[in-house]
file final-v3.tsv (TSV, C-alpha atoms (C1' of nucleotides))
chain	number	residue	atom	x	y	z
A	861	MET	CA	76.51	121.99	102.87
A	862	PHE	CA	77.26	122.20	106.59
A	863	LEU	CA	79.77	119.71	107.96
A	864	GLY	CA	81.61	119.16	111.23
A	865	THR	CA	81.14	119.74	114.94
A	866	TYR	CA	82.58	122.65	116.86
A	867	ARG	CA	82.64	123.33	120.60
A	868	HIS	CA	82.20	127.00	121.37
A	869	ALA	CA	81.79	129.10	124.48
A	870	VAL	CA	78.46	130.68	125.37
A	871	ASP	CA	79.05	133.78	127.50
A	872	ALA	CA	76.89	135.33	130.18
A	873	LYS	CA	75.10	137.42	127.60
A	874	GLY	CA	74.02	134.35	125.65
A	875	ARG	CA	76.35	134.95	122.75
A	876	VAL	CA	77.79	132.08	120.67
A	877	ALA	CA	80.22	132.35	117.79
A	878	ILE	CA	79.00	130.51	114.69
A	879	PRO	CA	81.98	128.82	112.98
A	880	ALA	CA	83.27	130.94	110.12
A	881	ARG	CA	82.80	128.06	107.66
A	882	PHE	CA	79.09	128.04	108.44
A	883	ARG	CA	78.68	131.79	108.61
A	884	GLU	CA	79.92	132.22	105.05
A	885	GLN	CA	76.99	130.11	103.89
A	886	LEU	CA	74.34	131.95	105.91
A	887	PRO	CA	72.75	134.90	104.11
A	888	SER	CA	70.43	137.27	105.89
A	889	GLY	CA	67.04	135.73	106.44
A	890	THR	CA	68.56	132.84	108.36
A	891	VAL	CA	66.32	131.67	111.20
A	892	ILE	CA	66.96	129.86	114.46
A	893	SER	CA	64.27	127.83	116.20
A	894	LYS	CA	63.74	124.85	118.48
A	895	GLY	CA	64.40	121.37	117.16
A	896	ALA	CA	63.86	117.74	118.06
A	897	GLU	CA	65.69	116.09	120.97
A	898	GLY	CA	66.14	119.43	122.69
A	899	CYS	CA	68.51	121.07	120.27
A	900	LEU	CA	68.26	124.41	118.50
A	901	GLN	CA	68.23	124.48	114.71
A	902	VAL	CA	69.53	127.13	112.37
A	903	TYR	CA	67.77	127.25	109.01
A	904	PRO	CA	69.27	129.01	105.99
A	905	PRO	CA	66.55	130.92	104.10
A	906	GLN	CA	65.97	128.26	101.45
A	907	GLU	CA	65.51	125.57	104.11
A	908	TRP	CA	63.24	127.75	106.20
A	909	ALA	CA	61.11	128.34	103.13
A	910	GLN	CA	60.34	124.61	103.02
A	911	GLU	CA	58.92	124.78	106.52
A	912	GLN	CA	56.45	127.42	105.36
A	913	GLY	CA	54.29	124.54	104.15
A	914	LEU	CA	53.18	124.35	107.77
A	915	ARG	CA	50.30	126.79	107.97
A	916	LEU	CA	47.36	127.36	110.22
A	917	GLY	CA	43.87	127.20	108.80
A	918	SER	CA	40.45	125.85	109.63
A	919	THR	CA	41.44	122.43	108.25
A	920	THR	CA	44.84	122.08	109.88
A	921	PRO	CA	45.03	118.92	112.04
A	922	ALA	CA	45.68	119.30	115.77
A	923	GLU	CA	49.28	118.05	115.76
A	924	GLU	CA	50.21	120.39	112.96
A	925	ARG	CA	48.70	123.30	114.82
A	926	ARG	CA	50.78	122.40	117.83
A	927	LEU	CA	53.96	121.98	115.78
A	928	ALA	CA	53.43	125.23	113.91
A	929	ARG	CA	52.94	127.16	117.13
A	930	MET	CA	56.10	125.75	118.67
A	931	MET	CA	58.30	126.09	115.60
A	932	PHE	CA	57.31	129.57	114.56
A	933	GLY	CA	56.73	130.85	118.06
A	934	ALA	CA	60.24	129.95	119.11
A	935	ALA	CA	61.88	131.22	115.94
A	936	ARG	CA	64.01	134.31	115.61
A	937	GLU	CA	65.94	135.73	112.73
A	938	CYS	CA	69.71	135.35	113.23
A	939	GLU	CA	71.61	138.58	113.65
A	940	PHE	CA	75.38	138.43	113.64
A	941	ASP	CA	77.57	140.91	115.47
A	942	ALA	CA	80.92	142.06	114.10
A	943	GLN	CA	82.60	138.99	115.64
A	944	GLY	CA	80.25	136.52	113.97
A	945	ARG	CA	78.21	135.72	117.06
A	946	ILE	CA	74.47	135.38	117.50
A	947	VAL	CA	72.53	135.89	120.70
A	948	LEU	CA	70.45	132.99	121.94
A	949	SER	CA	67.28	134.22	123.60
A	950	ALA	CA	66.63	133.27	127.21
A	951	ASP	CA	63.94	130.74	126.33
A	952	GLN	CA	66.05	129.19	123.59
A	953	ARG	CA	68.85	128.70	126.09
A	954	GLN	CA	66.45	127.26	128.59
A	955	TYR	CA	64.89	124.89	126.04
A	956	ALA	CA	68.25	123.53	124.95
A	957	ASP	CA	69.71	123.76	128.46
A	958	ILE	CA	72.69	125.72	127.25
A	959	THR	CA	75.13	127.36	129.65
A	960	GLY	CA	78.85	127.85	129.35
A	961	VAL	CA	79.58	125.79	126.25
A	962	ALA	CA	77.62	124.46	123.30
A	963	TRP	CA	78.27	122.20	120.35
A	964	ILE	CA	77.57	123.58	116.93
A	965	VAL	CA	76.96	120.83	114.42
A	966	GLY	CA	76.62	120.99	110.65
A	967	VAL	CA	74.01	118.44	109.55
A	968	ASN	CA	74.05	118.72	105.76
A	969	ASN	CA	71.25	121.19	105.10
A	970	LEU	CA	71.01	122.89	108.50
A	971	ILE	CA	72.95	123.61	111.67
A	972	GLU	CA	72.16	122.38	115.16
A	973	ILE	CA	73.21	123.80	118.53
A	974	TRP	CA	73.45	121.37	121.43
A	975	ASN	CA	73.91	121.25	125.15
A	976	ASP	CA	77.34	119.84	126.05
A	977	GLU	CA	76.24	116.58	127.64
A	978	ALA	CA	73.33	115.95	125.31
A	979	TRP	CA	75.60	116.08	122.29
A	980	ARG	CA	78.04	113.68	123.82
A	981	ARG	CA	75.20	111.19	124.21
A	982	ILE	CA	73.76	111.65	120.75
A	983	GLY	CA	76.65	112.62	118.58
A	984	GLU	CA	79.77	110.97	119.89
A	985	ALA	CA	79.79	107.36	118.94
A	986	THR	CA	82.42	104.73	119.56
A	987	PRO	CA	83.55	102.91	116.41
A	988	GLU	CA	81.36	99.97	117.47
A	989	GLU	CA	78.23	102.09	117.82
A	990	TYR	CA	78.90	103.91	114.60
A	991	THR	CA	79.39	100.68	112.70
A	992	ARG	CA	76.18	99.27	114.15
A	993	ILE	CA	74.11	102.31	113.20
A	994	GLN	CA	75.49	102.40	109.69
A	995	ASP	CA	74.61	98.74	109.28
A	996	GLN	CA	71.12	99.36	110.69
A	997	VAL	CA	70.40	102.09	108.21
A	998	ALA	CA	71.84	100.04	105.37
A	999	GLU	CA	69.49	97.27	106.43
A	1000	ARG	CA	66.51	99.67	106.54
A	1001	ARG	CA	67.29	100.88	103.07
A	1002	ARG	CA	67.38	97.35	101.73
A	1003	ALA	CA	63.97	96.64	103.28
A	1004	PRO	CA	62.18	99.99	103.80
A	1005	ARG	CA	58.87	100.59	105.58
A	1006	THR	CA	59.32	97.91	108.21
B	1277	MET	CA	90.11	103.80	91.22
B	1278	PHE	CA	92.12	103.84	94.44
B	1279	LEU	CA	94.61	101.02	95.01
B	1280	GLY	CA	97.37	100.24	97.46
B	1281	THR	CA	98.36	100.99	101.05
B	1282	TYR	CA	100.71	103.73	102.16
B	1283	ARG	CA	102.15	104.46	105.60
B	1284	HIS	CA	102.44	108.19	106.26
B	1285	ALA	CA	103.36	110.40	109.20
B	1286	VAL	CA	100.73	112.41	111.06
B	1287	ASP	CA	102.34	115.46	112.67
B	1288	ALA	CA	101.42	117.30	115.83
B	1289	LYS	CA	99.08	119.57	113.88
B	1290	GLY	CA	97.10	116.58	112.60
B	1291	ARG	CA	98.36	116.84	109.05
B	1292	VAL	CA	98.68	113.79	106.78
B	1293	ALA	CA	99.96	113.72	103.25
B	1294	ILE	CA	97.58	111.98	100.87
B	1295	PRO	CA	99.55	109.86	98.36
B	1296	ALA	CA	100.03	111.73	95.09
B	1297	ARG	CA	98.38	108.93	93.12
B	1298	PHE	CA	95.20	109.40	95.13
B	1299	ARG	CA	95.33	113.17	95.23
B	1300	GLU	CA	95.29	113.41	91.42
B	1301	GLN	CA	91.90	111.74	91.48
B	1302	LEU	CA	90.38	113.93	94.20
B	1303	PRO	CA	88.66	117.08	92.92
B	1304	SER	CA	87.41	119.75	95.28
B	1305	GLY	CA	84.27	118.70	97.07
B	1306	THR	CA	85.98	115.63	98.48
B	1307	VAL	CA	84.81	114.82	102.00
B	1308	ILE	CA	86.31	112.89	104.89
B	1309	SER	CA	84.14	111.32	107.60
B	1310	LYS	CA	84.05	108.49	110.08
B	1311	GLY	CA	83.73	104.97	108.76
B	1312	ALA	CA	82.96	101.49	110.04
B	1313	GLU	CA	85.40	99.60	112.27
B	1314	GLY	CA	86.99	102.81	113.48
B	1315	CYS	CA	88.62	104.03	110.29
B	1316	LEU	CA	88.20	107.35	108.50
B	1317	GLN	CA	86.84	107.39	104.96
B	1318	VAL	CA	87.57	109.82	102.16
B	1319	TYR	CA	84.70	110.23	99.69
B	1320	PRO	CA	85.28	111.71	96.22
B	1321	PRO	CA	82.40	114.08	95.32
B	1322	GLN	CA	80.44	111.57	93.27
B	1323	GLU	CA	80.52	109.06	96.13
B	1324	TRP	CA	79.62	111.65	98.73
B	1325	ALA	CA	76.67	112.82	96.65
B	1326	GLN	CA	74.99	109.48	97.34
B	1327	GLU	CA	75.06	110.17	101.07
B	1328	GLN	CA	73.35	113.51	100.73
B	1329	GLY	CA	69.84	112.19	100.33
B	1330	LEU	CA	69.71	112.41	104.12
B	1331	ARG	CA	68.28	115.78	105.06
B	1332	LEU	CA	66.81	117.24	108.20
B	1333	GLY	CA	63.42	118.91	108.36
B	1334	SER	CA	60.52	119.13	110.79
B	1335	THR	CA	59.21	115.80	109.50
B	1336	THR	CA	62.41	113.72	109.38
B	1337	PRO	CA	62.04	110.41	111.30
B	1338	ALA	CA	64.10	109.75	114.44
B	1339	GLU	CA	66.54	107.16	113.06
B	1340	GLU	CA	67.43	109.37	110.15
B	1341	ARG	CA	68.00	112.31	112.48
B	1342	ARG	CA	70.48	110.30	114.51
B	1343	LEU	CA	72.37	109.02	111.50
B	1344	ALA	CA	72.46	112.39	109.80
B	1345	ARG	CA	73.88	114.02	112.91
B	1346	MET	CA	76.65	111.49	113.26
B	1347	MET	CA	77.56	111.28	109.58
B	1348	PHE	CA	77.60	114.96	108.76
B	1349	GLY	CA	78.75	116.05	112.18
B	1350	ALA	CA	81.84	113.91	111.81
B	1351	ALA	CA	82.55	115.00	108.24
B	1352	ARG	CA	84.79	117.73	106.88
B	1353	GLU	CA	85.51	118.87	103.39
B	1354	CYS	CA	89.10	117.95	102.42
B	1355	GLU	CA	91.32	120.94	101.90
B	1356	PHE	CA	94.77	120.26	100.58
B	1357	ASP	CA	97.69	122.51	101.41
B	1358	ALA	CA	100.47	123.21	98.91
B	1359	GLN	CA	102.19	119.98	99.99
B	1360	GLY	CA	99.15	117.81	99.37
B	1361	ARG	CA	98.25	117.29	103.01
B	1362	ILE	CA	94.87	117.43	104.73
B	1363	VAL	CA	94.22	118.21	108.38
B	1364	LEU	CA	92.41	115.58	110.41
B	1365	SER	CA	90.21	117.26	113.01
B	1366	ALA	CA	90.81	116.46	116.66
B	1367	ASP	CA	87.68	114.34	116.93
B	1368	GLN	CA	88.47	112.43	113.75
B	1369	ARG	CA	91.90	111.60	115.14
B	1370	GLN	CA	90.38	110.55	118.41
B	1371	TYR	CA	87.76	108.38	116.74
B	1372	ALA	CA	90.31	106.55	114.61
B	1373	ASP	CA	92.93	106.66	117.39
B	1374	ILE	CA	95.51	108.19	115.11
B	1375	THR	CA	98.78	109.59	116.43
B	1376	GLY	CA	102.18	109.64	114.80
B	1377	VAL	CA	101.54	107.43	111.80
B	1378	ALA	CA	98.56	106.26	109.80
B	1379	TRP	CA	97.88	103.90	106.95
B	1380	ILE	CA	96.21	105.29	103.88
B	1381	VAL	CA	94.45	102.60	101.93
B	1382	GLY	CA	92.83	102.75	98.52
B	1383	VAL	CA	89.69	100.60	98.50
B	1384	ASN	CA	88.38	100.86	94.93
B	1385	ASN	CA	85.92	103.77	95.20
B	1386	LEU	CA	86.97	105.21	98.58
B	1387	ILE	CA	90.13	105.86	100.55
B	1388	GLU	CA	90.45	104.78	104.15
B	1389	ILE	CA	92.74	106.07	106.87
B	1390	TRP	CA	93.66	103.67	109.64
B	1391	ASN	CA	95.36	103.57	112.98
B	1392	ASP	CA	98.73	101.79	112.74
B	1393	GLU	CA	97.91	98.71	114.82
B	1394	ALA	CA	94.31	98.41	113.68
B	1395	TRP	CA	95.37	98.21	110.07
B	1396	ARG	CA	97.96	95.55	110.79
B	1397	ARG	CA	95.19	93.37	112.19
B	1398	ILE	CA	92.91	93.93	109.20
B	1399	GLY	CA	95.37	94.23	106.40
B	1400	GLU	CA	97.91	91.56	107.22
B	1401	ALA	CA	95.93	88.44	106.56
B	1402	THR	CA	97.45	85.04	106.25
B	1403	PRO	CA	96.65	83.10	103.07
B	1404	GLU	CA	94.35	80.89	105.16
B	1405	GLU	CA	92.32	83.84	106.48
B	1406	TYR	CA	92.11	85.40	103.06
B	1407	THR	CA	90.77	82.21	101.56
B	1408	ARG	CA	88.23	81.76	104.31
B	1409	ILE	CA	86.90	85.31	103.92
B	1410	GLN	CA	86.62	85.00	100.15
B	1411	ASP	CA	84.55	81.87	100.64
B	1412	GLN	CA	82.34	83.57	103.22
B	1413	VAL	CA	81.49	86.42	100.89
B	1414	ALA	CA	80.84	84.06	98.01
B	1415	GLU	CA	78.47	82.16	100.27
B	1416	ARG	CA	76.55	85.29	101.24
B	1417	ARG	CA	76.11	86.33	97.66
B	1418	ARG	CA	74.59	83.01	96.79
B	1419	ALA	CA	72.07	83.30	99.67
B	1420	PRO	CA	71.48	86.96	100.58
B	1421	ARG	CA	69.23	88.29	103.40
B	1422	THR	CA	70.48	85.85	106.00
C	376	DC	C1'	124.81	109.33	89.99
C	377	DA	C1'	121.95	113.31	89.26
C	378	DC	C1'	117.61	115.19	89.02
C	379	DA	C1'	112.81	115.39	89.98
C	380	DA	C1'	108.97	114.32	92.68
C	381	DA	C1'	106.92	113.19	97.06
C	382	DG	C1'	106.78	113.55	101.89
C	383	DT	C1'	108.01	115.91	106.56
C	384	DG	C1'	108.64	119.60	109.89
C	385	DG	C1'	108.39	124.08	111.79
C	386	DG	C1'	107.95	129.39	112.04
C	387	DG	C1'	105.09	133.26	111.50
C	388	DA	C1'	101.24	136.00	109.68
C	389	DA	C1'	96.42	136.09	109.47
C	390	DA	C1'	92.01	134.66	110.87
C	391	DA	C1'	88.80	133.00	114.27
C	392	DG	C1'	87.08	132.93	118.81
C	393	DT	C1'	86.48	135.05	123.65
C	394	DG	C1'	85.55	138.44	127.16
C	395	DG	C1'	84.36	142.79	128.86
C	396	DG	C1'	83.34	148.00	128.96
C	397	DG	C1'	80.28	151.44	127.80
C	398	DA	C1'	76.78	153.93	124.89
C	399	DA	C1'	72.11	153.62	123.32
C	400	DA	C1'	67.65	151.85	123.75
C	401	DA	C1'	63.94	149.85	126.17
C	402	DT	C1'	61.39	149.10	130.35
C	403	DG	C1'	59.16	150.27	134.43
C	404	DA	C1'	58.19	152.87	138.69
C	405	DG	C1'	57.14	157.10	140.92
D	512	DC	C1'	56.43	162.87	132.08
D	513	DT	C1'	60.77	162.06	134.24
D	514	DC	C1'	64.15	159.48	136.19
D	515	DA	C1'	66.33	155.18	137.40
D	516	DT	C1'	67.25	150.53	136.13
D	517	DT	C1'	67.86	146.95	133.00
D	518	DT	C1'	68.74	145.15	128.58
D	519	DT	C1'	70.68	145.27	124.09
D	520	DC	C1'	74.22	145.92	121.03
D	521	DC	C1'	78.39	147.96	119.31
D	522	DC	C1'	83.23	148.34	119.83
D	523	DC	C1'	87.85	147.25	121.38
D	524	DA	C1'	91.54	144.22	123.15
D	525	DC	C1'	93.39	139.77	123.97
D	526	DT	C1'	94.14	134.70	123.14
D	527	DT	C1'	94.07	130.76	120.42
D	528	DT	C1'	93.92	128.35	116.25
D	529	DT	C1'	94.54	127.88	111.45
D	530	DC	C1'	96.89	127.94	107.39
D	531	DC	C1'	100.33	129.62	104.33
D	532	DC	C1'	105.05	129.52	103.20
D	533	DC	C1'	109.75	127.97	103.20
D	534	DA	C1'	113.34	124.57	103.78
D	535	DC	C1'	114.97	120.00	104.39
D	536	DT	C1'	114.77	114.86	103.77
D	537	DT	C1'	113.54	110.85	101.47
D	538	DT	C1'	112.12	108.24	97.59
D	539	DG	C1'	111.84	107.20	92.92
D	540	DT	C1'	113.45	107.59	88.06
D	541	DG	C1'	116.18	108.32	83.94

call {"tool": "encode", "arguments": {"input": "final-v3.tsv", "output": "structure tokens"}}
result
Amino acid sequence: MFLGTYRHAVDAKGRVAIPARFREQLPSGTVISKGAEGCLQVYPPQEWAQEQGLRLGSTTPAEERRLARMMFGAARECEFDAQGRIVLSADQRQYADITGVAWIVGVNNLIEIWNDEAWRRIGEATPEEYTRIQDQVAERRRAPRT
Amino acid sequence: MFLGTYRHAVDAKGRVAIPARFREQLPSGTVISKGAEGCLQVYPPQEWAQEQGLRLGSTTPAEERRLARMMFGAARECEFDAQGRIVLSADQRQYADITGVAWIVGVNNLIEIWNDEAWRRIGEATPEEYTRIQDQVAERRRAPRT
DNA sequence: CACAAAGTGGGGAAAAGTGGGGAAAATGAG
DNA sequence: CTCATTTTCCCCACTTTTCCCCACTTTGTG
């Protein structure tokens, strides 16, 4: 389980330290790829395995082909240096618009890496916003599929 | 079952002592996250487990992505020091506007941590207010979905 | 009143994060 | 094929944060 948000520096070489709490839970075979809303996503092996359902074949619908190409094409296996950092590739940094600092966010089953500003918009909520969204989801759960 | 309100100091390092009566009932795996109305909420493991249905994957809908990011991003596992204190992260303290002192409130299945002033507004109800709110809730229960 | 339990505060060791230099490897041009 | 240039990655040094430990105060209890 990955919890919490951390603000870390990204140096000129594209290196970011992954919080030690997260690193302990990431065995080799961990993969980083592009995610929704312009973030990067770090998949532990067991989570990545679930994405393997996405496969190309003669019967794969067009959207799935597109998704598969983007997800797998952008993916790289995570390699940690002795200081617990990974290197974000140039196109990963460009996709997520990451320079200088990044937010590293534990989202239950995977980890996301965000551009500074973008995370402030999406992740930082005032008490009022937070309360509203909780209530919205509670409402959705009471009356799903609407 | 968590009952009662306690007023404890929060030191410069963000540490708060959790009342001994509560601590006895909190096994490891307890989680603290943001809650409605600007408080922090402490979830014992069995309560937190209910929140974990939310997972991210390549097919998770947009609303669930947003909620998952906020909920889990704001959460931390509770780690008690030898004196029975937990550390509130900087963003948790900012969210709940906690400095100096906080109220720790047992609310049946969860524990809440409140800013000093905010709790006075919520917790110190006159008999008239209390009666009115009881009646409101009773009314809602009789006619839900309104 | 004495003792035990709970809460508070701070110092210091250890761990985590940051930045940069330089060797090795890869790339590319002549 | 060789040499120069760039990139990658490994290592070291420094700073900051975390957390562990000890001591004191306050509260509660017999």

call {"tool": "residues_around", "arguments": {"input": "final-v3.tsv", "residues": "range 1307-1321 of chain B", "least_positions_apart": "2", "cutoff": "7 Å", "atoms": "all atoms listed in the file", "output": "ChimeraX atom specification"}}
result
/A:987-988,990-991 /B:1302,1305,1323-1325,1347,1350-1354,1368,1371-1372,1386-1390

call {"tool": "write_last_selection", "arguments": {"input": "final-v3.tsv", "atoms": "C-alpha atoms", "output": "PDB file, in the coordinates of the input"}}
result
ATOM      1  CA  PRO A 987      83.550 102.910 116.410  1.00  0.00           C
ATOM      2  CA  GLU A 988      81.360  99.970 117.470  1.00  0.00           C
ATOM      3  CA  TYR A 990      78.900 103.910 114.600  1.00  0.00           C
ATOM      4  CA  THR A 991      79.390 100.680 112.700  1.00  0.00           C
TER       5      THR A 991
ATOM      6  CA  LEU B1302      90.380 113.930  94.200  1.00  0.00           C
ATOM      7  CA  GLY B1305      84.270 118.700  97.070  1.00  0.00           C
ATOM      8  CA  GLU B1323      80.520 109.060  96.130  1.00  0.00           C
ATOM      9  CA  TRP B1324      79.620 111.650  98.730  1.00  0.00           C
ATOM     10  CA  ALA B1325      76.670 112.820  96.650  1.00  0.00           C
ATOM     11  CA  MET B1347      77.560 111.280 109.580  1.00  0.00           C
ATOM     12  CA  ALA B1350      81.840 113.910 111.810  1.00  0.00           C
ATOM     13  CA  ALA B1351      82.550 115.000 108.240  1.00  0.00           C
ATOM     14  CA  ARG B1352      84.790 117.730 106.880  1.00  0.00           C
ATOM     15  CA  GLU B1353      85.510 118.870 103.390  1.00  0.00           C
ATOM     16  CA  CYS B1354      89.100 117.950 102.420  1.00  0.00           C
ATOM     17  CA  GLN B1368      88.470 112.430 113.750  1.00  0.00           C
ATOM     18  CA  TYR B1371      87.760 108.380 116.740  1.00  0.00           C
ATOM     19  CA  ALA B1372      90.310 106.550 114.610  1.00  0.00           C
ATOM     20  CA  LEU B1386      86.970 105.210  98.580  1.00  0.00           C
ATOM     21  CA  ILE B1387      90.130 105.860 100.550  1.00  0.00           C
ATOM     22  CA  GLU B1388      90.450 104.780 104.150  1.00  0.00           C
ATOM     23  CA  ILE B1389      92.740 106.070 106.870  1.00  0.00           C
ATOM     24  CA  TRP B1390      93.660 103.670 109.640  1.00  0.00           C
TER      25      TRP B1390
END

call {"tool": "axis_aligned_box", "arguments": {"input": "final-v3.tsv", "around": "range 382-399 of chain C", "padding_each_side": "8 Å", "output": "lines of an AutoDock Vina configuration file"}}
result
center_x = 90.4
center_y = 133.7
center_z = 115.4
size_x = 52.5
size_y = 56.4
size_z = 43.1

call {"tool": "atom_distance", "arguments": {"input": "final-v3.tsv", "atom1": "CA of Asp871 in chain A", "atom2": "CA of Ile982 in chain A"}}
result
23.7 Å

call {"tool": "calpha_fit_rmsd", "arguments": {"input": "final-v3.tsv", "fixed": "chain B", "moving": "chain A"}}
result
1.1 Å

call {"tool": "residues_around", "arguments": {"input": "final-v3.tsv", "residues": "range 1000-1004 of chain A", "least_positions_apart": "3", "cutoff": "10 Å", "atoms": "all atoms listed in the file", "output": "PyMOL selection string"}}
result
(chain A and resi 994-997) or (chain B and resi 1339+1421)

call {"tool": "atom_distance", "arguments": {"input": "final-v3.tsv", "atom1": "CA of Gly1290 in chain B", "atom2": "C1' of DG385 in chain C"}}
result
13.6 Å

call {"tool": "interface_residues", "arguments": {"input": "final-v3.tsv", "of": "chain C", "to": "chain A", "cutoff": "10 Å", "atoms": "all atoms listed in the file", "output": "count of residues only"}}
result
5

call {"tool": "interface_residues", "arguments": {"input": "final-v3.tsv", "of": "chain D", "to": "chain B", "cutoff": "10 Å", "atoms": "only C-alpha atoms (C1' of nucleotides)", "output": "list of chain:residue names"}}
result
D:DT529, D:DC530, D:DC531, D:DC532

call {"tool": "write_last_selection", "arguments": {"input": "final-v3.tsv", "atoms": "C-alpha atoms (C1' of nucleotides)", "output": "PDB file, in the frame of the given file"}}
result
ATOM      1  C1'  DT D 529      94.540 127.880 111.450  1.00  0.00           C
ATOM      2  C1'  DC D 530      96.890 127.940 107.390  1.00  0.00           C
ATOM      3  C1'  DC D 531     100.330 129.620 104.330  1.00  0.00           C
ATOM      4  C1'  DC D 532     105.050 129.520 103.200  1.00  0.00           C
TER       5       DC D 532
END

call {"tool": "residues_around", "arguments": {"input": "final-v3.tsv", "residues": "DT536 in chain D", "least_positions_apart": "6", "cutoff": "10 Å", "atoms": "only C-alpha atoms (C1' of nucleotides)", "output": "number ranges by chain"}}
result
C: 382-384

call {"tool": "residues_around", "arguments": {"input": "final-v3.tsv", "residues": "Arg875 in chain A", "least_positions_apart": "6", "cutoff": "7 Å", "atoms": "all atoms listed in the file", "output": "PyMOL selection string"}}
result
chain A and resi 945-948

call {"tool": "interface_residues", "arguments": {"input": "final-v3.tsv", "of": "chain A", "to": "chain B", "cutoff": "6 Å", "atoms": "all atoms listed in the file", "output": "short mmCIF file (atom, residue, chain, number, x, y, z; two decimals) with C-alpha atoms, in the coordinates of the input"}}
result
data_model
loop_
_atom_site.label_atom_id
_atom_site.label_comp_id
_atom_site.auth_asym_id
_atom_site.auth_seq_id
_atom_site.Cartn_x
_atom_site.Cartn_y
_atom_site.Cartn_z
CA LEU A 863 79.77 119.71 107.96
CA GLY A 864 81.61 119.16 111.23
CA THR A 865 81.14 119.74 114.94
CA VAL A 965 76.96 120.83 114.42
CA GLY A 966 76.62 120.99 110.65
CA VAL A 967 74.01 118.44 109.55
CA ASN A 968 74.05 118.72 105.76
CA GLY A 983 76.65 112.62 118.58
CA PRO A 987 83.55 102.91 116.41
CA THR A 991 79.39 100.68 112.70
#

call {"tool": "residues_around", "arguments": {"input": "final-v3.tsv", "residues": "DG405 in chain C", "least_positions_apart": "4", "cutoff": "12 Å", "atoms": "all atoms listed in the file", "output": "PDB file with C-alpha atoms (C1' of nucleotides), keeping the file's coordinate frame"}}
result
ATOM      1  C1'  DC D 512      56.430 162.870 132.080  1.00  0.00           C
ATOM      2  C1'  DT D 513      60.770 162.060 134.240  1.00  0.00           C
ATOM      3  C1'  DC D 514      64.150 159.480 136.190  1.00  0.00           C
ATOM      4  C1'  DA D 515      66.330 155.180 137.400  1.00  0.00           C
TER       5       DA D 515
END

call {"tool": "residues_near_point", "arguments": {"input": "final-v3.tsv", "point": "(110.3, 115.2, 91.2)", "cutoff": "10 Å", "atoms": "only C-alpha atoms (C1' of nucleotides)", "output": "PyMOL selection string"}}
result
(chain C and resi 378-381) or (chain D and resi 538-540)

call {"tool": "atom_distance", "arguments": {"input": "final-v3.tsv", "atom1": "CA of Arg980 in chain A", "atom2": "CA of Arg1369 in chain B"}}
result
16.5 Å

call {"tool": "decode", "arguments": {"input": "final-v3.tsv", "residues": "range 876-887 of chain A", "atoms": "N, CA and C atoms", "output": "PDB file, in the first residue's frame"}}
result
ATOM      1  N   VAL A 876      15.283  11.400  -9.873  1.00  0.00           N
ATOM      2  CA  VAL A 876      14.394  11.690  -8.749  1.00  0.00           C
ATOM      3  C   VAL A 876      14.557  10.608  -7.714  1.00  0.00           C
ATOM      4  N   ALA A 877      14.606  11.022  -6.457  1.00  0.00           N
ATOM      5  CA  ALA A 877      14.631  10.053  -5.358  1.00  0.00           C
ATOM      6  C   ALA A 877      13.213   9.557  -5.116  1.00  0.00           C
ATOM      7  N   ILE A 878      13.028   8.260  -5.063  1.00  0.00           N
ATOM      8  CA  ILE A 878      11.737   7.681  -4.685  1.00  0.00           C
ATOM      9  C   ILE A 878      11.742   7.559  -3.160  1.00  0.00           C
ATOM     10  N   PRO A 879      10.693   8.037  -2.484  1.00  0.00           N
ATOM     11  CA  PRO A 879      10.678   7.986  -1.015  1.00  0.00           C
ATOM     12  C   PRO A 879      11.001   6.579  -0.508  1.00  0.00           C
ATOM     13  N   ALA A 880      11.786   6.524   0.545  1.00  0.00           N
ATOM     14  CA  ALA A 880      12.242   5.237   1.065  1.00  0.00           C
ATOM     15  C   ALA A 880      11.066   4.306   1.397  1.00  0.00           C
ATOM     16  N   ARG A 881       9.980   4.894   1.909  1.00  0.00           N
ATOM     17  CA  ARG A 881       8.808   4.077   2.268  1.00  0.00           C
ATOM     18  C   ARG A 881       8.259   3.350   1.056  1.00  0.00           C
ATOM     19  N   PHE A 882       8.336   3.988  -0.105  1.00  0.00           N
ATOM     20  CA  PHE A 882       7.824   3.369  -1.322  1.00  0.00           C
ATOM     21  C   PHE A 882       8.832   2.349  -1.844  1.00  0.00           C
ATOM     22  N   ARG A 883      10.096   2.751  -1.812  1.00  0.00           N
ATOM     23  CA  ARG A 883      11.156   1.925  -2.386  1.00  0.00           C
ATOM     24  C   ARG A 883      11.194   0.537  -1.762  1.00  0.00           C
ATOM     25  N   GLU A 884      10.967   0.493  -0.452  1.00  0.00           N
ATOM     26  CA  GLU A 884      10.977  -0.790   0.259  1.00  0.00           C
ATOM     27  C   GLU A 884       9.959  -1.757  -0.329  1.00  0.00           C
ATOM     28  N   GLN A 885       8.890  -1.204  -0.894  1.00  0.00           N
ATOM     29  CA  GLN A 885       7.810  -2.053  -1.409  1.00  0.00           C
ATOM     30  C   GLN A 885       7.940  -2.315  -2.899  1.00  0.00           C
ATOM     31  N   LEU A 886       9.056  -1.887  -3.512  1.00  0.00           N
ATOM     32  CA  LEU A 886       9.193  -2.034  -4.957  1.00  0.00           C
ATOM     33  C   LEU A 886      10.288  -3.035  -5.319  1.00  0.00           C
ATOM     34  N   PRO A 887       9.893  -4.274  -5.622  1.00  0.00           N
ATOM     35  CA  PRO A 887      10.885  -5.272  -6.014  1.00  0.00           C
ATOM     36  C   PRO A 887      11.349  -5.005  -7.435  1.00  0.00           C
TER      37      PRO A 887
END
